[in-house]
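Asks: Just one file: entry16.txt, with compact mmCIF, C-alpha atoms.
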```txt
# COMPACT_ATOMS: atom_id res chain seq x y z
CA MET A 189 77.95 58.53 83.64
CA ARG A 190 78.58 54.87 82.97
CA ASN A 191 79.70 54.15 86.55
CA PRO A 192 78.23 56.27 89.39
CA ILE A 193 81.20 55.84 91.74
CA ILE A 194 83.28 59.01 92.13
CA ALA A 195 86.58 58.61 93.99
CA ALA A 196 87.92 61.61 95.87
CA LEU A 197 91.53 62.40 95.09
CA ASP A 198 91.93 64.21 98.40
CA VAL A 199 95.70 63.95 98.40
CA PRO A 200 98.43 66.62 98.56
CA THR A 201 100.32 66.14 95.29
CA ALA A 202 99.83 65.29 91.63
CA GLU A 203 102.17 62.31 91.91
CA VAL A 204 100.11 60.70 94.69
CA ALA A 205 96.86 61.52 92.88
CA LEU A 206 97.99 60.01 89.59
CA LYS A 207 99.26 56.85 91.28
CA LEU A 208 95.96 56.45 93.14
CA ALA A 209 93.95 57.16 89.99
CA GLU A 210 95.88 54.52 88.07
CA GLN A 211 95.26 51.93 90.81
CA ILE A 212 91.51 52.44 91.10
CA ALA A 213 90.52 53.66 87.61
CA PRO A 214 88.89 50.36 86.57
CA ALA A 215 86.51 50.53 89.55
CA VAL A 216 85.33 54.13 89.34
CA GLY A 217 83.43 56.35 86.94
CA ALA A 218 85.09 59.66 87.82
CA PHE A 219 87.57 61.38 90.07
CA LYS A 220 86.86 64.32 92.38
CA ILE A 221 89.55 66.98 92.46
CA GLY A 222 89.12 69.31 95.41
CA SER A 223 90.78 72.40 96.78
CA GLU A 224 93.91 70.81 98.24
CA LEU A 225 94.95 68.93 95.12
CA PHE A 226 93.94 71.71 92.72
CA THR A 227 95.86 74.28 94.76
CA SER A 228 99.01 72.17 94.84
CA ALA A 229 98.87 70.78 91.29
CA GLY A 230 96.88 73.41 89.38
CA PRO A 231 94.82 72.91 86.23
CA ASP A 232 97.43 70.46 84.93
CA ILE A 233 96.11 67.75 87.26
CA VAL A 234 92.72 67.99 85.54
CA ARG A 235 94.37 67.69 82.14
CA ARG A 236 96.43 64.69 83.23
CA ILE A 237 93.40 62.87 84.62
CA ARG A 238 91.35 63.67 81.49
CA GLU A 239 94.22 62.37 79.28
CA ARG A 240 93.51 58.97 80.83
CA ASP A 241 89.91 59.16 79.59
CA ALA A 242 88.71 59.58 83.17
CA LEU A 243 85.86 61.90 84.06
CA VAL A 244 86.48 64.79 86.47
CA PHE A 245 84.33 66.31 89.20
CA LEU A 246 85.98 69.65 90.06
CA ASP A 247 84.89 70.42 93.61
CA LEU A 248 86.11 73.98 94.20
CA LYS A 249 82.79 75.43 95.42
CA PHE A 250 83.05 78.73 93.55
CA HIS A 251 81.55 81.69 95.44
CA ASP A 252 82.29 85.25 94.35
CA ILE A 253 80.74 88.05 92.35
CA PRO A 254 78.78 86.75 89.33
CA ASN A 255 81.36 87.77 86.72
CA THR A 256 84.23 86.14 88.59
CA VAL A 257 82.30 82.90 89.08
CA ALA A 258 81.22 82.91 85.43
CA ASN A 259 84.85 83.28 84.37
CA ALA A 260 85.99 80.50 86.73
CA VAL A 261 83.25 78.21 85.40
CA ALA A 262 84.30 79.03 81.84
CA ALA A 263 87.89 78.10 82.66
CA ALA A 264 86.78 74.83 84.27
CA THR A 265 84.58 74.08 81.25
CA ARG A 266 87.54 74.61 78.93
CA LEU A 267 89.42 72.03 81.03
CA ASP A 268 86.63 69.62 80.01
CA VAL A 269 85.42 68.76 83.51
CA GLN A 270 82.13 66.87 83.71
CA MET A 271 80.92 68.35 87.00
CA LEU A 272 81.80 71.32 89.17
CA THR A 273 80.47 72.95 92.32
CA ILE A 274 79.34 76.44 93.27
CA HIS A 275 77.92 77.82 96.51
CA THR A 276 74.26 78.69 96.06
CA SER A 277 74.60 81.25 98.86
CA GLY A 278 76.18 83.50 96.23
CA GLY A 279 72.65 84.40 95.16
CA LEU A 280 70.43 84.02 92.15
CA GLU A 281 72.47 86.23 89.81
CA MET A 282 75.72 84.38 90.59
CA VAL A 283 74.12 80.95 90.22
CA ARG A 284 72.50 81.90 86.90
CA ALA A 285 75.82 83.32 85.68
CA ALA A 286 77.58 80.05 86.51
CA GLU A 287 75.09 77.89 84.63
CA ALA A 288 74.96 80.25 81.64
CA SER A 289 78.76 80.32 81.49
CA ALA A 290 78.98 76.52 81.55
CA GLN A 291 76.50 76.26 78.69
CA GLN A 292 78.06 79.03 76.56
CA SER A 293 81.66 77.98 77.13
CA ALA A 294 80.84 74.38 76.26
CA LYS A 295 79.08 75.45 73.07
CA VAL A 296 82.00 77.62 71.98
CA GLY A 297 84.51 74.87 72.80
CA GLY A 298 82.52 72.06 71.22
CA LEU A 299 82.31 70.29 74.56
CA ALA A 300 79.55 68.83 76.68
CA ALA A 301 78.48 71.34 79.33
CA PRO A 302 79.55 70.28 82.80
CA LEU A 303 76.90 69.62 85.40
CA VAL A 304 77.01 72.65 87.69
CA LEU A 305 76.12 71.41 91.17
CA GLY A 306 74.84 73.77 93.84
CA VAL A 307 76.17 73.44 97.37
CA THR A 308 73.58 74.69 99.86
CA VAL A 309 74.80 74.45 103.47
CA LEU A 310 78.06 72.70 104.29
CA THR A 311 77.52 69.59 106.40
CA SER A 312 79.92 71.03 108.98
CA SER A 313 77.58 74.01 109.53
CA SER A 314 75.21 74.07 112.46
CA GLY A 315 72.46 76.44 113.44
CA SER A 316 74.95 78.47 115.44
CA THR A 317 77.30 78.64 112.43
CA LEU A 318 74.46 80.03 110.31
CA ALA A 319 73.56 82.54 113.03
CA GLU A 320 77.20 83.69 113.22
CA ILE A 321 77.07 84.71 109.56
CA GLY A 322 73.68 86.39 109.83
CA CYS A 323 71.42 83.63 108.52
CA GLU A 324 68.36 82.11 110.10
CA PRO A 325 69.76 79.37 112.36
CA ASP A 326 67.45 76.64 111.01
CA VAL A 327 69.74 74.46 108.86
CA VAL A 328 66.87 72.62 107.16
CA ALA A 329 65.11 75.86 106.25
CA GLN A 330 68.34 77.32 104.85
CA VAL A 331 69.08 74.19 102.80
CA GLU A 332 65.54 74.28 101.38
CA ARG A 333 65.75 78.01 100.60
CA LEU A 334 69.04 77.61 98.74
CA ALA A 335 67.86 74.46 96.93
CA ARG A 336 64.82 76.35 95.61
CA LEU A 337 67.12 79.17 94.49
CA ALA A 338 69.33 76.67 92.64
CA VAL A 339 66.35 75.22 90.79
CA LYS A 340 65.03 78.71 89.98
CA ALA A 341 68.44 79.59 88.54
CA GLY A 342 68.40 76.52 86.30
CA LEU A 343 70.92 74.29 88.04
CA ARG A 344 70.56 70.62 87.22
CA GLY A 345 71.98 69.21 90.45
CA LEU A 346 72.67 69.75 94.13
CA VAL A 347 75.24 68.51 96.59
CA CYS A 348 73.58 67.60 99.85
CA SER A 349 73.84 65.52 102.97
CA PRO A 350 72.32 62.04 102.85
CA LEU A 351 70.00 63.28 105.62
CA GLU A 352 68.59 65.90 103.23
CA VAL A 353 67.96 63.73 100.16
CA VAL A 354 64.41 62.56 100.90
CA GLY A 355 63.18 65.98 102.01
CA LEU A 356 64.75 67.78 99.06
CA ARG A 357 63.40 65.25 96.57
CA GLN A 358 59.89 65.79 97.95
CA LEU A 359 60.28 69.59 98.09
CA LEU A 360 61.75 69.95 94.61
CA SER A 361 59.50 67.45 92.86
CA SER A 362 56.50 69.53 93.91
CA SER A 363 58.09 72.74 92.57
```
Show how you would write the structure in this file as structure tokens.

Replies:
Amino acid sequence: MRNPIIAALDVPTAEVALKLAEQIAPAVGAFKIGSELFTSAGPDIVRRIRERDALVFLDLKFHDIPNTVANAVAAATRLDVQMLTIHTSGGLEMVRAAEASAQQSAKVGGLAAPLVLGVTVLTSSSGSTLAEIGCEPDVVAQVERLARLAVKAGLRGLVCSPLEVVGLRQLLSSS
């Protein structure tokens, strides 16, 4: 990416998003489209941002059965997004299916494969949140476990808290 700044279009409508994108486009390298905007504006908002030669980070955090996630990733790849997110807590098979789908769909469509980014533990989750859903309540241990799984599955990137960067870099560089 020529400019590493990604601006979040965390707004409720396509009209507001497009106006904001037009205003800040010269200063950013890409735009993040998350759940709120994608739900209100649909895939068309991705197309409209891409028509402006802007890069798109589709942050929908896919998490479902492997086939469903693979199909969602294929659809996102056909929209020509440059990055997208999945939850690594979906397991090894789901994560592998997502990466394989991105690669295959890009090849078939003559596109560059998007960077599939693994989300480990949401920053809003605490030890008690993890315990509520049946996980070990050690957030750091869970982040590390899911980061290793992402690497094993072939993902090329992770989304993490700034507090986790140094530890994950050390952990994953020794893997």

Asks: So, counting all atoms listed in the file, which residue among A:Lys295, A:Arg284, A:Arg333, A:Lys220 is closest to Leu246 (chain A)?

Replies: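 The answer is A:Lys220, which sits nearest to Leu246 (chain A).
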
Asks: Work out how far apart CA of Val261 (chain A) and CA of Thr276 (chain A) are and give it in Å to one decimal.

Replies: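 Interatomic distance, CA of Val261 (chain A) to CA of Thr276 (chain A): 14.0 Å.
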
Asks: Name all residues at most 10 Å from region 232-244 of chain A (count only C-alpha atoms; drop same-chain ones fewer than 6 positions away) and give them as an NGL selection string.

Replies: :A and (189 or 194-195 or 201-203 or 205-206 or 209-210 or 213-214 or 216-221 or 225-226 or 264 or 267-272 or 302)

Asks: Which residues come within 6 Å of Ala285 (chain A), counting all atoms listed in the file, excluding same-chain residues fewer than 3 positions away, as a PyMOL selection string?

Replies: chain A and resi 254+258+282+288-289

Asks: Point out the residue among A:Leu343, A:Glu332, A:Ile253, A:Ser316 with the least atom-to-atom distance to Leu360 (chain A), counting only C-alpha atoms.

Replies: A:Glu332

Asks: Given all atoms listed in the file as the basis, pick out the residue of A:Leu305, A:Cys348, A:Ala215, A:Leu359 nearest to Glu287 (chain A).

Replies: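 Answer, going by the shortest atom-to-atom distance: A:Leu305.
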
Asks: Within 9 Å of Ile274 (chain A), counting all atoms listed in the file, which residues qualify if same-chain residues fewer than 3 places away don't, as a PDB file with C-alpha atoms, in the frame of the given file?

Replies:
```pdb
ATOM      1  CA  ASP A 247      84.890  70.420  93.610  1.00  0.00           C
ATOM      2  CA  LEU A 248      86.110  73.980  94.200  1.00  0.00           C
ATOM      3  CA  LYS A 249      82.790  75.430  95.420  1.00  0.00           C
ATOM      4  CA  PHE A 250      83.050  78.730  93.550  1.00  0.00           C
ATOM      5  CA  HIS A 251      81.550  81.690  95.440  1.00  0.00           C
ATOM      6  CA  VAL A 257      82.300  82.900  89.080  1.00  0.00           C
ATOM      7  CA  VAL A 261      83.250  78.210  85.400  1.00  0.00           C
ATOM      8  CA  SER A 277      74.600  81.250  98.860  1.00  0.00           C
ATOM      9  CA  GLY A 278      76.180  83.500  96.230  1.00  0.00           C
ATOM     10  CA  VAL A 283      74.120  80.950  90.220  1.00  0.00           C
ATOM     11  CA  ALA A 286      77.580  80.050  86.510  1.00  0.00           C
ATOM     12  CA  VAL A 304      77.010  72.650  87.690  1.00  0.00           C
ATOM     13  CA  LEU A 305      76.120  71.410  91.170  1.00  0.00           C
ATOM     14  CA  GLY A 306      74.840  73.770  93.840  1.00  0.00           C
ATOM     15  CA  VAL A 307      76.170  73.440  97.370  1.00  0.00           C
ATOM     16  CA  THR A 308      73.580  74.690  99.860  1.00  0.00           C
TER      17      THR A 308
END
```

Asks: Figure out the distance between CA of Asp198 (chain A) and CA of Glu224 (chain A), please, to one decimal in Å.

Replies: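 Taking CA of Glu224 (chain A) as the start and CA of Asp198 (chain A) as the end point, the length is 6.9 Å.
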
Asks: Taking every listed atom of region 326-341 of chain A and adding 3 Å to each side, what centre and edge lengths in Å (one decimal) does the axis-aligned box have, as AutoDock Vina command-line options?

Replies:
```
--center_x 67.3 --center_y 76.1 --center_z 99.8 --size_x 10.9 --size_y 13.0 --size_z 28.5
```

Asks: Would you work out the distance separating CA of Ser293 (chain A) from CA of Ala260 (chain A), expressed in Å to one decimal?

Replies: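 Between CA of Ser293 (chain A) and CA of Ala260 (chain A) the gap is 10.8 Å.
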
Asks: Here is a test: counting only C-alpha atoms, which residue of A:Leu346, A:Ile212, A:Ala229, A:Leu280 is nearest to Leu310 (chain A)?

Replies: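 Of A:Leu346, A:Ile212, A:Ala229, A:Leu280, the one nearest Leu310 (chain A) is A:Leu346, counting only C-alpha atoms.
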
Asks: Of the candidates A:Pro231, A:Pro200, A:Gly342, A:Pro350, which shows the shortest atom-to-atom distance to Ala290 (chain A), using only C-alpha atoms?

Replies: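 With only C-alpha atoms as the atom set, the closest residue is A:Gly342.
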
Asks: Which protein, DNA or RNA residues have an atom at most 12 Å from (68.1, 64.9, 103.6), counting all atoms listed in the file? List them as a list in words.

Replies: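 Protein, DNA and RNA residues close to (68.1, 64.9, 103.6): Thr308, Val309, Thr311, Val327, Val328, Ala329, Val331, Glu332, Ala335, Leu346, Val347, Cys348, Ser349, Pro350, Leu351, Glu352, Val353, Val354, Gly355, Leu356, Arg357, Gln358 and Leu359 of chain A.
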
Asks: Restricting the calculation to only C-alpha atoms, which member of A:Leu208, A:Gln330, A:Val199, A:Arg266 is positioned closest to Gly298 (chain A)?

Replies: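 Of A:Leu208, A:Gln330, A:Val199, A:Arg266, the one nearest Gly298 (chain A), counting only C-alpha atoms, is A:Arg266.
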
Asks: Could you model N, CA, C and O atoms for region 329-352 of chain A and present them as a CSV table (one decimal), keeping the file's coordinate frame?

Replies:
```
chain,number,residue,atom,x,y,z
A,329,ALA,N,65.8,74.8,107.0
A,329,ALA,CA,65.1,75.9,106.2
A,329,ALA,C,66.1,76.5,105.3
A,329,ALA,O,65.7,76.9,104.2
A,330,GLN,N,67.3,76.7,105.7
A,330,GLN,CA,68.3,77.3,104.8
A,330,GLN,C,68.7,76.4,103.6
A,330,GLN,O,68.8,76.9,102.5
A,331,VAL,N,68.8,75.1,103.9
A,331,VAL,CA,69.1,74.2,102.8
A,331,VAL,C,67.9,74.3,101.8
A,331,VAL,O,68.2,74.3,100.6
A,332,GLU,N,66.7,74.2,102.3
A,332,GLU,CA,65.5,74.3,101.4
A,332,GLU,C,65.5,75.6,100.6
A,332,GLU,O,65.2,75.6,99.4
A,333,ARG,N,65.8,76.7,101.3
A,333,ARG,CA,65.8,78.0,100.6
A,333,ARG,C,66.8,78.0,99.5
A,333,ARG,O,66.5,78.5,98.3
A,334,LEU,N,68.0,77.6,99.7
A,334,LEU,CA,69.0,77.6,98.7
A,334,LEU,C,68.8,76.6,97.6
A,334,LEU,O,69.2,76.8,96.5
A,335,ALA,N,68.2,75.5,98.0
A,335,ALA,CA,67.9,74.5,96.9
A,335,ALA,C,66.8,75.0,96.0
A,335,ALA,O,66.9,74.8,94.7
A,336,ARG,N,65.8,75.7,96.5
A,336,ARG,CA,64.8,76.4,95.6
A,336,ARG,C,65.5,77.4,94.7
A,336,ARG,O,65.2,77.5,93.5
A,337,LEU,N,66.4,78.2,95.3
A,337,LEU,CA,67.1,79.2,94.5
A,337,LEU,C,67.9,78.5,93.4
A,337,LEU,O,67.9,79.0,92.2
A,338,ALA,N,68.6,77.4,93.7
A,338,ALA,CA,69.3,76.7,92.6
A,338,ALA,C,68.4,76.2,91.5
A,338,ALA,O,68.8,76.4,90.3
A,339,VAL,N,67.3,75.7,91.8
A,339,VAL,CA,66.4,75.2,90.8
A,339,VAL,C,65.8,76.4,90.0
A,339,VAL,O,65.8,76.4,88.7
A,340,LYS,N,65.5,77.5,90.7
A,340,LYS,CA,65.0,78.7,90.0
A,340,LYS,C,66.1,79.2,89.0
A,340,LYS,O,65.8,79.7,87.9
A,341,ALA,N,67.3,79.1,89.4
A,341,ALA,CA,68.4,79.6,88.5
A,341,ALA,C,68.8,78.7,87.4
A,341,ALA,O,69.6,79.0,86.5
A,342,GLY,N,68.2,77.5,87.4
A,342,GLY,CA,68.4,76.5,86.3
A,342,GLY,C,69.5,75.5,86.5
A,342,GLY,O,69.9,74.8,85.6
A,343,LEU,N,69.9,75.3,87.8
A,343,LEU,CA,70.9,74.3,88.0
A,343,LEU,C,70.3,72.9,87.9
A,343,LEU,O,69.1,72.7,88.2
A,344,ARG,N,71.1,72.0,87.5
A,344,ARG,CA,70.6,70.6,87.2
A,344,ARG,C,71.0,69.6,88.3
A,344,ARG,O,70.7,68.4,88.2
A,345,GLY,N,71.6,70.1,89.4
A,345,GLY,CA,72.0,69.2,90.4
A,345,GLY,C,72.4,69.9,91.7
A,345,GLY,O,72.7,71.1,91.7
A,346,LEU,N,72.3,69.2,92.8
A,346,LEU,CA,72.7,69.8,94.1
A,346,LEU,C,73.6,68.8,94.8
A,346,LEU,O,73.6,67.6,94.6
A,347,VAL,N,74.4,69.3,95.7
A,347,VAL,CA,75.2,68.5,96.6
A,347,VAL,C,74.6,68.6,97.9
A,347,VAL,O,74.3,69.8,98.4
A,348,CYS,N,74.2,67.5,98.5
A,348,CYS,CA,73.6,67.6,99.8
A,348,CYS,C,74.0,66.4,100.7
A,348,CYS,O,74.5,65.4,100.3
A,349,SER,N,73.6,66.6,102.0
A,349,SER,CA,73.8,65.5,103.0
A,349,SER,C,72.9,64.4,102.7
A,349,SER,O,71.7,64.6,102.3
A,350,PRO,N,73.3,63.2,103.0
A,350,PRO,CA,72.3,62.0,102.8
A,350,PRO,C,71.0,62.3,103.7
A,350,PRO,O,70.0,61.8,103.3
A,351,LEU,N,71.2,63.0,104.8
A,351,LEU,CA,70.0,63.3,105.6
A,351,LEU,C,69.0,64.2,105.0
A,351,LEU,O,67.9,64.3,105.4
A,352,GLU,N,69.4,64.9,103.9
A,352,GLU,CA,68.6,65.9,103.2
A,352,GLU,C,67.9,65.4,101.9
A,352,GLU,O,67.0,66.0,101.4
```
